[in-house]
Amino acid sequence: MLHFEREEFDTRLRNARAAMRREGLDALLLFAQESMYYLTGYDTSGFVFFQCAVMTADEKPLTLLTRRPDLEQARRTSIMEDIRLWYDAPGMDPSRELMEILEEKGLKGARVGIEMRTFGLTADNYERVRQRLDGWCTLMDASNLVRQLRAVKSPAEIVYVRRAAELADASLVAMLEASRPGAFEGDIAAAGSVPILAGGGDPAPSGPVLGSGDRALLVRSATGFRTLDAVDQLTIEHAGSYRRYCACLMRTISIGRANPVQERMFEVTLQAITAMAEAARPGNVIGAIDDAHRAVYDRAGYGHARMSACGYSLGATYRPSWMDVPPMIYSGNEMPIVPGMVLFLHAILIDAPKNLAMSLGYTILTRDGSAEVLSKLKPEYVVRT
């Protein structure tokens, strides 16, 4: 059930341990499900409960502490063999079992990193771990250690990203075909899910973000699908997901008839995202992408309607988000752009006084020279009648 060759995992573990040694860490407490999937293949939604994998800087095997329902999940989807269990009971505190594992590994007095910036570690569980280890070892935030490794994709990962992009294209085509005056947003979203699931993909970790009328100005999901008016606008943001790897698209379209004001917004938005993609090349920093985004919009008089950031990294993620950050794309971000990054670029205008939206987004792969846009669909102003 592994989705990569064992050699791929071995390389990732070597790179992670080398990064640990550079940071002076003796061990790392992995709470991010994305990190466990990346390093071992372990694939579960059980991260909503206390779950931790312990990785040492030496070559000792990883040890996973999890609940009984995830025992076979860990055995069958990962390369981990040392799997420990904690059991639900009144007053149960799994940090006790975690400390016993650390004691076995001789980590008393050691420098131990912990992944804090993750949905896999709630504040109450962190406090249990912190109190348990206080004075026993030195606990340090190492949230970005594995994330930084994951920001640059291997050739094997890029194969999955490309498939996700194909599924995202097919999904968008299906949703556009289902969009017309009188269409129900729920039917549009349902049409978009079929190509992804029928194509062997996964349900995306969030979305789709689908909204018409006033809701077209929202950039987050909101409950309550509505029926499109005879003349309307519709914003669609969604991800194709394959083996957990995501590729995103975003569009705002007109329903019923063209809107000249919105068409002008599209023209400037296309200029903005084209400039953003051109800036996403090695030799630049991540912040240069947003600088290009701001320059086009501000020059055209849309500074009041644009966002203060224009995208983020994508990878293999779990609910509740397909955003794989850092990095976020905002002005001043000095992270260098290197080949192999997968970034979602979005150019969004929200003109609240006019109640108009215009959004355009696609996923790119950085490489030597200009970036590759992974979507094969031509960005255009769409009117569905």
# chains A, B, ... in the order shown; residues from 1 in each chain; ligands from 1
>>> residues_around(residues="region 81-98 of chain A", least_positions_apart="5", cutoff="9 Å", atoms="only C-alpha atoms", output="number ranges by chain")
A: 50-54, 61-68, 70-71, 74-75, 103, 125, 128-130, 132-133
>>> write_last_selection(atoms="N, CA, C and O atoms", output="short mmCIF file (atom, residue, chain, number, x, y, z; two decimals), in the first residue's frame")
data_model
loop_
_atom_site.label_atom_id
_atom_site.label_comp_id
_atom_site.auth_asym_id
_atom_site.auth_seq_id
_atom_site.Cartn_x
_atom_site.Cartn_y
_atom_site.Cartn_z
N PHE A 50 -4.48 12.13 19.87
CA PHE A 50 -3.07 12.20 20.21
C PHE A 50 -2.32 11.13 19.44
O PHE A 50 -2.60 9.93 19.56
N GLN A 51 -1.34 11.58 18.67
CA GLN A 51 -0.54 10.66 17.86
C GLN A 51 0.80 11.29 17.60
O GLN A 51 0.88 12.46 17.21
N CYS A 52 1.87 10.53 17.80
CA CYS A 52 3.21 11.09 17.64
C CYS A 52 4.17 10.01 17.15
O CYS A 52 4.13 8.87 17.63
N ALA A 53 5.01 10.38 16.19
CA ALA A 53 6.11 9.52 15.77
C ALA A 53 7.41 10.14 16.25
O ALA A 53 7.63 11.35 16.07
N VAL A 54 8.25 9.33 16.85
CA VAL A 54 9.53 9.80 17.39
C VAL A 54 10.64 9.41 16.42
O VAL A 54 10.84 8.22 16.14
N PRO A 61 15.21 3.09 14.31
CA PRO A 61 13.90 3.11 13.64
C PRO A 61 12.95 4.09 14.32
O PRO A 61 13.03 4.32 15.54
N LEU A 62 12.04 4.65 13.54
CA LEU A 62 11.01 5.51 14.09
C LEU A 62 10.07 4.70 14.98
O LEU A 62 9.84 3.51 14.72
N THR A 63 9.54 5.34 16.00
CA THR A 63 8.54 4.72 16.86
C THR A 63 7.27 5.56 16.80
O THR A 63 7.31 6.78 17.00
N LEU A 64 6.16 4.89 16.53
CA LEU A 64 4.87 5.58 16.45
C LEU A 64 4.04 5.26 17.69
O LEU A 64 3.89 4.10 18.07
N LEU A 65 3.49 6.31 18.31
CA LEU A 65 2.53 6.16 19.40
C LEU A 65 1.17 6.59 18.87
O LEU A 65 0.99 7.74 18.47
N THR A 66 0.22 5.68 18.88
CA THR A 66 -1.10 5.96 18.32
C THR A 66 -2.16 5.16 19.07
O THR A 66 -1.86 4.44 20.03
N ARG A 67 -3.41 5.27 18.62
CA ARG A 67 -4.51 4.53 19.23
C ARG A 67 -4.71 3.19 18.53
O ARG A 67 -4.27 2.99 17.40
N ARG A 68 -5.44 2.31 19.18
CA ARG A 68 -5.68 0.96 18.65
C ARG A 68 -6.32 0.97 17.27
O ARG A 68 -5.94 0.15 16.41
N ASP A 70 -5.75 2.68 14.79
CA ASP A 70 -4.78 2.98 13.73
C ASP A 70 -3.64 1.98 13.65
O ASP A 70 -2.68 2.19 12.90
N LEU A 71 -3.73 0.89 14.40
CA LEU A 71 -2.65 -0.09 14.38
C LEU A 71 -2.45 -0.68 12.99
O LEU A 71 -1.34 -0.66 12.44
N ALA A 74 -1.27 1.85 10.38
CA ALA A 74 0.17 2.10 10.41
C ALA A 74 0.96 0.93 9.83
O ALA A 74 1.93 1.11 9.09
N ARG A 75 0.57 -0.29 10.18
CA ARG A 75 1.29 -1.46 9.68
C ARG A 75 1.24 -1.57 8.16
O ARG A 75 2.20 -1.98 7.52
N GLU A 103 12.51 7.85 27.01
CA GLU A 103 13.46 7.27 27.97
C GLU A 103 14.16 6.06 27.38
O GLU A 103 15.37 5.87 27.54
N ASN A 125 -3.07 18.97 24.20
CA ASN A 125 -2.08 17.90 24.10
C ASN A 125 -0.65 18.45 24.16
O ASN A 125 0.25 17.82 24.75
N ARG A 128 0.17 19.00 27.73
CA ARG A 128 0.50 17.73 28.41
C ARG A 128 1.96 17.35 28.16
O ARG A 128 2.69 16.96 29.07
N VAL A 129 2.36 17.45 26.88
CA VAL A 129 3.74 17.08 26.53
C VAL A 129 4.72 18.04 27.18
O VAL A 129 5.75 17.63 27.75
N ARG A 130 4.42 19.32 27.11
CA ARG A 130 5.34 20.32 27.68
C ARG A 130 5.55 20.09 29.18
O ARG A 130 6.69 20.10 29.67
N ARG A 132 5.02 17.37 30.88
CA ARG A 132 5.63 16.07 31.11
C ARG A 132 7.16 16.13 30.93
O ARG A 132 7.92 15.50 31.69
N LEU A 133 7.61 16.88 29.94
CA LEU A 133 9.03 16.89 29.61
C LEU A 133 9.79 18.06 30.21
O LEU A 133 11.01 18.17 30.04
#
>>> residues_around(residues="Arg215 (chain A)", least_positions_apart="5", cutoff="12 Å", atoms="only C-alpha atoms", output="number ranges by chain")
A: 185, 209-210, 220-228, 232-236, 252, 350, 352, 355-357
>>> closest_residue(among="A:Phe47, A:Phe266, A:Tyr312, A:Tyr242", to="Leu360 (chain A)", atoms="only C-alpha atoms")
A:Phe266
>>> closest_atom_pairs(of="region 251-279 of chain A", to="region 294-307 of chain A", cutoff="8 Å", atoms="only C-alpha atoms", output="Markdown table")
| residue | atom | partner | partner_atom | distance |
| --- | --- | --- | --- | --- |
| A:Val268 | CA | A:Tyr297 | CA | 6.9 |
| A:Thr269 | CA | A:Tyr297 | CA | 7.5 |
| A:Gln271 | CA | A:Val296 | CA | 7.0 |
| A:Ala272 | CA | A:Val296 | CA | 5.4 |
| A:Ala275 | CA | A:Val296 | CA | 7.8 |
>>> write_last_selection(atoms="all heavy atoms", output="CSV table (one decimal), in the first residue's frame")
chain,number,residue,atom,x,y,z
A,268,VAL,N,-7.4,42.6,-16.4
A,268,VAL,CA,-6.3,43.0,-15.6
A,268,VAL,C,-5.8,41.8,-14.7
A,268,VAL,O,-4.6,41.6,-14.4
A,268,VAL,CB,-6.8,44.2,-14.7
A,268,VAL,CG1,-5.7,44.5,-13.7
A,268,VAL,CG2,-7.1,45.4,-15.5
A,269,THR,N,-6.8,41.0,-14.3
A,269,THR,CA,-6.4,39.8,-13.5
A,269,THR,C,-5.6,38.8,-14.3
A,269,THR,O,-4.6,38.2,-13.7
A,269,THR,CB,-7.7,39.1,-13.0
A,269,THR,OG1,-8.4,40.0,-12.1
A,269,THR,CG2,-7.4,37.8,-12.2
A,271,GLN,N,-3.5,39.7,-16.6
A,271,GLN,CA,-2.2,40.4,-16.7
A,271,GLN,C,-1.4,40.1,-15.4
A,271,GLN,O,-0.2,39.8,-15.4
A,271,GLN,CB,-2.3,41.9,-16.9
A,271,GLN,CG,-2.9,42.2,-18.3
A,271,GLN,CD,-3.2,43.7,-18.4
A,271,GLN,OE1,-2.7,44.5,-17.6
A,271,GLN,NE2,-4.1,44.1,-19.3
A,272,ALA,N,-2.2,40.2,-14.2
A,272,ALA,CA,-1.5,40.0,-12.9
A,272,ALA,C,-1.0,38.6,-12.8
A,272,ALA,O,0.2,38.4,-12.4
A,272,ALA,CB,-2.5,40.3,-11.8
A,275,ALA,N,2.1,38.0,-14.9
A,275,ALA,CA,3.3,38.6,-14.3
A,275,ALA,C,3.8,37.8,-13.1
A,275,ALA,O,5.0,37.6,-12.9
A,275,ALA,CB,3.0,40.0,-13.9
>>> select_by_dssp(residues="region 139-379 of chain A", states="strand (DSSP E)", output="MDAnalysis selection string")
chainID A and resid 139:141 209:212 232:242 245:255 311:313 342:351 356:365 372:373
>>> atom_distance(atom1="CA of Phe184 (chain A)", atom2="CA of Arg163 (chain A)")
28.6 Å
>>> select_by_dssp(residues="region 111-331 of chain A", states="alpha helix (DSSP H)", output="PyMOL selection string")
chain A and resi 123-133+145-150+155-178+185-198+260-279+286-299
>>> closest_residue(among="A:Glu7, A:Ala230, A:Glu372, A:Gln73", to="Arg257 (chain A)", atoms="only C-alpha atoms")
A:Ala230
>>> residues_around(residues="Gly199 (chain A)", least_positions_apart="2", cutoff="10 Å", atoms="only C-alpha atoms", output="number ranges by chain")
A: 163-164, 166-167, 170, 193-197, 201-202, 242
>>> write_last_selection(atoms="C-alpha atoms", output="mmCIF file, in the first residue's frame")
data_model
loop_
_atom_site.group_PDB
_atom_site.id
_atom_site.type_symbol
_atom_site.label_atom_id
_atom_site.label_comp_id
_atom_site.auth_asym_id
_atom_site.auth_seq_id
_atom_site.Cartn_x
_atom_site.Cartn_y
_atom_site.Cartn_z
ATOM 1 C CA ARG A 163 -2.159 13.758 -12.192
ATOM 2 C CA ALA A 164 -3.852 15.973 -9.625
ATOM 3 C CA GLU A 166 -5.307 16.721 -14.806
ATOM 4 C CA LEU A 167 -8.120 15.848 -12.406
ATOM 5 C CA ALA A 170 -11.524 17.737 -15.706
ATOM 6 C CA SER A 193 -16.472 15.706 -7.862
ATOM 7 C CA VAL A 194 -17.205 12.968 -10.394
ATOM 8 C CA PRO A 195 -14.110 13.323 -12.631
ATOM 9 C CA ILE A 196 -11.822 13.400 -9.597
ATOM 10 C CA LEU A 197 -13.222 10.323 -7.894
ATOM 11 C CA GLY A 201 -8.270 10.752 -7.138
ATOM 12 C CA ASP A 202 -9.068 11.582 -3.531
ATOM 13 C CA TYR A 242 -4.162 12.385 -6.140
#
>>> residues_around(residues="Arg384 (chain A)", least_positions_apart="5", cutoff="7 Å", atoms="only C-alpha atoms", output="PyMOL selection string")
chain A and resi 179-180+254-256
>>> write_last_selection(atoms="N, CA, C and O atoms", output="mmCIF file, in the first residue's frame")
data_model
loop_
_atom_site.group_PDB
_atom_site.id
_atom_site.type_symbol
_atom_site.label_atom_id
_atom_site.label_comp_id
_atom_site.auth_asym_id
_atom_site.auth_seq_id
_atom_site.Cartn_x
_atom_site.Cartn_y
_atom_site.Cartn_z
ATOM 1 N N SER A 179 -22.887 24.911 -15.114
ATOM 2 C CA SER A 179 -23.222 26.266 -14.667
ATOM 3 C C SER A 179 -24.054 26.993 -15.716
ATOM 4 O O SER A 179 -23.641 27.133 -16.864
ATOM 5 N N ARG A 180 -25.213 27.451 -15.309
ATOM 6 C CA ARG A 180 -26.125 28.182 -16.200
ATOM 7 C C ARG A 180 -27.186 28.853 -15.332
ATOM 8 O O ARG A 180 -27.345 28.513 -14.154
ATOM 9 N N SER A 254 -19.222 34.738 -15.423
ATOM 10 C CA SER A 254 -20.496 35.449 -15.490
ATOM 11 C C SER A 254 -21.596 34.496 -15.938
ATOM 12 O O SER A 254 -21.374 33.612 -16.769
ATOM 13 N N ILE A 255 -22.770 34.680 -15.386
ATOM 14 C CA ILE A 255 -23.930 33.858 -15.691
ATOM 15 C C ILE A 255 -24.994 34.716 -16.375
ATOM 16 O O ILE A 255 -25.313 35.812 -15.893
ATOM 17 N N GLY A 256 -25.535 34.216 -17.486
ATOM 18 C CA GLY A 256 -26.634 34.896 -18.165
ATOM 19 C C GLY A 256 -26.191 35.835 -19.257
ATOM 20 O O GLY A 256 -26.671 35.762 -20.390
#
>>> closest_residue(among="A:Asp26, A:Asp368, A:Glu34, A:Glu380", to="Glu267 (chain A)", atoms="only C-alpha atoms")
A:Glu380
>>> residues_around(residues="Leu145 (chain A)", least_positions_apart="4", cutoff="10 Å", atoms="only C-alpha atoms", output="list in words")
Ala16, Arg17, Ala19, Met20, Glu23, Leu28, Ser35, Gly113, Ile114, Glu115, Asp141, Leu149 and Arg150 of chain A
>>> write_last_selection(atoms="N, CA and C atoms", output="compact mmCIF listing (two decimals), in the first residue's frame")
# COMPACT_ATOMS: atom_id res chain seq x y z
N ALA A 16 16.02 14.38 6.35
CA ALA A 16 15.44 14.91 7.58
C ALA A 16 16.42 14.81 8.74
N ARG A 17 17.10 13.68 8.83
CA ARG A 17 18.06 13.51 9.93
C ARG A 17 19.26 14.45 9.76
N ALA A 19 19.06 17.40 8.44
CA ALA A 19 18.54 18.70 8.86
C ALA A 19 18.47 18.79 10.38
N MET A 20 18.11 17.70 11.04
CA MET A 20 18.09 17.67 12.50
C MET A 20 19.47 17.92 13.07
N GLU A 23 20.48 21.46 12.93
CA GLU A 23 19.78 22.26 13.94
C GLU A 23 20.17 21.86 15.36
N LEU A 28 13.12 14.29 17.11
CA LEU A 28 12.03 15.13 16.61
C LEU A 28 10.71 14.42 16.88
N SER A 35 3.89 15.18 7.72
CA SER A 35 5.27 14.74 7.91
C SER A 35 5.36 13.23 7.96
N GLY A 113 13.15 18.37 19.23
CA GLY A 113 12.27 19.23 18.46
C GLY A 113 10.84 18.71 18.50
N ILE A 114 9.90 19.62 18.32
CA ILE A 114 8.49 19.24 18.30
C ILE A 114 7.77 20.03 17.22
N GLU A 115 6.91 19.36 16.48
CA GLU A 115 6.10 20.03 15.46
C GLU A 115 4.87 20.63 16.13
N ASP A 141 10.76 24.24 19.31
CA ASP A 141 9.85 24.27 18.16
C ASP A 141 10.63 23.94 16.89
N LEU A 149 11.69 20.63 3.78
CA LEU A 149 12.10 19.57 2.87
C LEU A 149 10.98 19.26 1.88
N ARG A 150 9.75 19.30 2.35
CA ARG A 150 8.60 18.96 1.52
C ARG A 150 8.29 20.03 0.48
>>> residues_around(residues="region 320-335 of chain A", least_positions_apart="3", cutoff="7 Å", atoms="only C-alpha atoms", output="number ranges by chain")
A: 205-206, 246, 285-291, 308-315, 317
>>> write_last_selection(atoms="N, CA and C atoms", output="PDB file, in the first residue's frame")
ATOM      1  N   PRO A 205      -8.775  17.919   0.472  1.00  0.00           N
ATOM      2  CA  PRO A 205      -8.799  18.168   1.910  1.00  0.00           C
ATOM      3  C   PRO A 205      -9.652  19.351   2.332  1.00  0.00           C
ATOM      4  N   SER A 206     -10.132  20.153   1.390  1.00  0.00           N
ATOM      5  CA  SER A 206     -11.100  21.202   1.692  1.00  0.00           C
ATOM      6  C   SER A 206     -11.824  21.570   0.400  1.00  0.00           C
ATOM      7  N   CYS A 246      -2.077  17.828  -4.107  1.00  0.00           N
ATOM      8  CA  CYS A 246      -3.139  18.712  -4.595  1.00  0.00           C
ATOM      9  C   CYS A 246      -2.645  19.652  -5.687  1.00  0.00           C
ATOM     10  N   VAL A 285      12.952  35.603  -5.132  1.00  0.00           N
ATOM     11  CA  VAL A 285      12.430  35.115  -3.865  1.00  0.00           C
ATOM     12  C   VAL A 285      10.910  35.039  -3.969  1.00  0.00           C
ATOM     13  N   ILE A 286      10.305  34.320  -3.035  1.00  0.00           N
ATOM     14  CA  ILE A 286       8.849  34.142  -3.056  1.00  0.00           C
ATOM     15  C   ILE A 286       8.129  35.492  -3.062  1.00  0.00           C
ATOM     16  N   GLY A 287       8.627  36.444  -2.303  1.00  0.00           N
ATOM     17  CA  GLY A 287       7.979  37.749  -2.230  1.00  0.00           C
ATOM     18  C   GLY A 287       7.893  38.482  -3.557  1.00  0.00           C
ATOM     19  N   ALA A 288       8.806  38.168  -4.498  1.00  0.00           N
ATOM     20  CA  ALA A 288       8.787  38.837  -5.806  1.00  0.00           C
ATOM     21  C   ALA A 288       7.510  38.513  -6.580  1.00  0.00           C
ATOM     22  N   ILE A 289       6.918  37.352  -6.303  1.00  0.00           N
ATOM     23  CA  ILE A 289       5.669  36.987  -6.985  1.00  0.00           C
ATOM     24  C   ILE A 289       4.559  37.946  -6.578  1.00  0.00           C
ATOM     25  N   ASP A 290       4.477  38.242  -5.274  1.00  0.00           N
ATOM     26  CA  ASP A 290       3.455  39.176  -4.814  1.00  0.00           C
ATOM     27  C   ASP A 290       3.767  40.599  -5.255  1.00  0.00           C
ATOM     28  N   ASP A 291       5.041  40.951  -5.329  1.00  0.00           N
ATOM     29  CA  ASP A 291       5.390  42.280  -5.831  1.00  0.00           C
ATOM     30  C   ASP A 291       4.858  42.471  -7.251  1.00  0.00           C
ATOM     31  N   SER A 308      -3.754  40.894   0.055  1.00  0.00           N
ATOM     32  CA  SER A 308      -2.406  41.241   0.524  1.00  0.00           C
ATOM     33  C   SER A 308      -1.442  40.071   0.405  1.00  0.00           C
ATOM     34  N   ALA A 309      -1.915  38.945  -0.106  1.00  0.00           N
ATOM     35  CA  ALA A 309      -1.078  37.792  -0.441  1.00  0.00           C
ATOM     36  C   ALA A 309      -1.700  37.153  -1.668  1.00  0.00           C
ATOM     37  N   CYS A 310      -0.923  36.333  -2.379  1.00  0.00           N
ATOM     38  CA  CYS A 310      -1.443  35.864  -3.674  1.00  0.00           C
ATOM     39  C   CYS A 310      -1.133  34.392  -3.932  1.00  0.00           C
ATOM     40  N   GLY A 311      -1.045  33.583  -2.878  1.00  0.00           N
ATOM     41  CA  GLY A 311      -0.864  32.163  -3.106  1.00  0.00           C
ATOM     42  C   GLY A 311      -0.043  31.499  -2.019  1.00  0.00           C
ATOM     43  N   TYR A 312       0.294  30.228  -2.283  1.00  0.00           N
ATOM     44  CA  TYR A 312       0.970  29.423  -1.276  1.00  0.00           C
ATOM     45  C   TYR A 312       1.449  28.118  -1.896  1.00  0.00           C
ATOM     46  N   SER A 313       2.221  27.394  -1.108  1.00  0.00           N
ATOM     47  CA  SER A 313       2.742  26.098  -1.537  1.00  0.00           C
ATOM     48  C   SER A 313       1.648  25.044  -1.459  1.00  0.00           C
ATOM     49  N   LEU A 314       1.760  24.055  -2.337  1.00  0.00           N
ATOM     50  CA  LEU A 314       0.871  22.897  -2.326  1.00  0.00           C
ATOM     51  C   LEU A 314       1.701  21.628  -2.174  1.00  0.00           C
ATOM     52  N   GLY A 315       1.064  20.609  -1.641  1.00  0.00           N
ATOM     53  CA  GLY A 315       1.732  19.319  -1.503  1.00  0.00           C
ATOM     54  C   GLY A 315       0.728  18.259  -1.120  1.00  0.00           C
ATOM     55  N   THR A 317      -1.509  16.996   1.621  1.00  0.00           N
ATOM     56  CA  THR A 317      -2.047  17.523   2.861  1.00  0.00           C
ATOM     57  C   THR A 317      -3.327  16.795   3.261  1.00  0.00           C
TER      58      THR A 317
END
>>> decode(residues="region 98-115 of chain A", atoms="N, CA and C atoms", output="JSON list (two decimals), in the first residue's frame")
[["chain", "number", "residue", "atom", "x", "y", "z"],
["A", 98, "LEU", "N", 4.49, 8.54, 25.81],
["A", 98, "LEU", "CA", 5.49, 9.20, 24.96],
["A", 98, "LEU", "C", 6.81, 9.37, 25.70],
["A", 99, "MET", "N", 6.73, 9.78, 26.94],
["A", 99, "MET", "CA", 7.97, 9.95, 27.72],
["A", 99, "MET", "C", 8.68, 8.62, 27.92],
["A", 100, "GLU", "N", 7.93, 7.54, 28.10],
["A", 100, "GLU", "CA", 8.57, 6.23, 28.24],
["A", 100, "GLU", "C", 9.35, 5.86, 26.98],
["A", 101, "ILE", "N", 8.81, 6.22, 25.81],
["A", 101, "ILE", "CA", 9.52, 5.95, 24.56],
["A", 101, "ILE", "C", 10.81, 6.76, 24.50],
["A", 102, "LEU", "N", 10.73, 8.03, 24.90],
["A", 102, "LEU", "CA", 11.91, 8.88, 24.89],
["A", 102, "LEU", "C", 12.96, 8.36, 25.87],
["A", 103, "GLU", "N", 12.51, 7.85, 27.01],
["A", 103, "GLU", "CA", 13.46, 7.27, 27.97],
["A", 103, "GLU", "C", 14.16, 6.06, 27.38],
["A", 104, "GLU", "N", 13.39, 5.20, 26.69],
["A", 104, "GLU", "CA", 13.98, 4.02, 26.04],
["A", 104, "GLU", "C", 15.07, 4.42, 25.06],
["A", 105, "LYS", "N", 14.87, 5.54, 24.41],
["A", 105, "LYS", "CA", 15.82, 5.98, 23.38],
["A", 105, "LYS", "C", 16.96, 6.81, 23.97],
["A", 106, "GLY", "N", 17.02, 6.91, 25.29],
["A", 106, "GLY", "CA", 18.13, 7.59, 25.96],
["A", 106, "GLY", "C", 18.16, 9.08, 25.72],
["A", 107, "LEU", "N", 17.00, 9.72, 25.71],
["A", 107, "LEU", "CA", 16.90, 11.12, 25.35],
["A", 107, "LEU", "C", 16.79, 12.07, 26.54],
["A", 108, "LYS", "N", 16.99, 11.58, 27.74],
["A", 108, "LYS", "CA", 16.97, 12.47, 28.89],
["A", 108, "LYS", "C", 18.10, 13.50, 28.75],
["A", 109, "GLY", "N", 17.76, 14.78, 28.93],
["A", 109, "GLY", "CA", 18.72, 15.86, 28.79],
["A", 109, "GLY", "C", 19.01, 16.25, 27.35],
["A", 110, "ALA", "N", 18.33, 15.61, 26.39],
["A", 110, "ALA", "CA", 18.60, 15.87, 24.97],
["A", 110, "ALA", "C", 17.84, 17.10, 24.49],
["A", 111, "ARG", "N", 18.22, 17.55, 23.30],
["A", 111, "ARG", "CA", 17.49, 18.63, 22.60],
["A", 111, "ARG", "C", 16.47, 17.95, 21.67],
["A", 112, "VAL", "N", 15.20, 18.16, 21.96],
["A", 112, "VAL", "CA", 14.13, 17.47, 21.26],
["A", 112, "VAL", "C", 13.25, 18.50, 20.54],
["A", 113, "GLY", "N", 13.15, 18.37, 19.23],
["A", 113, "GLY", "CA", 12.27, 19.23, 18.46],
["A", 113, "GLY", "C", 10.84, 18.71, 18.50],
["A", 114, "ILE", "N", 9.90, 19.62, 18.32],
["A", 114, "ILE", "CA", 8.49, 19.24, 18.30],
["A", 114, "ILE", "C", 7.77, 20.03, 17.22],
["A", 115, "GLU", "N", 6.91, 19.36, 16.48],
["A", 115, "GLU", "CA", 6.10, 20.03, 15.46],
["A", 115, "GLU", "C", 4.87, 20.63, 16.13]]
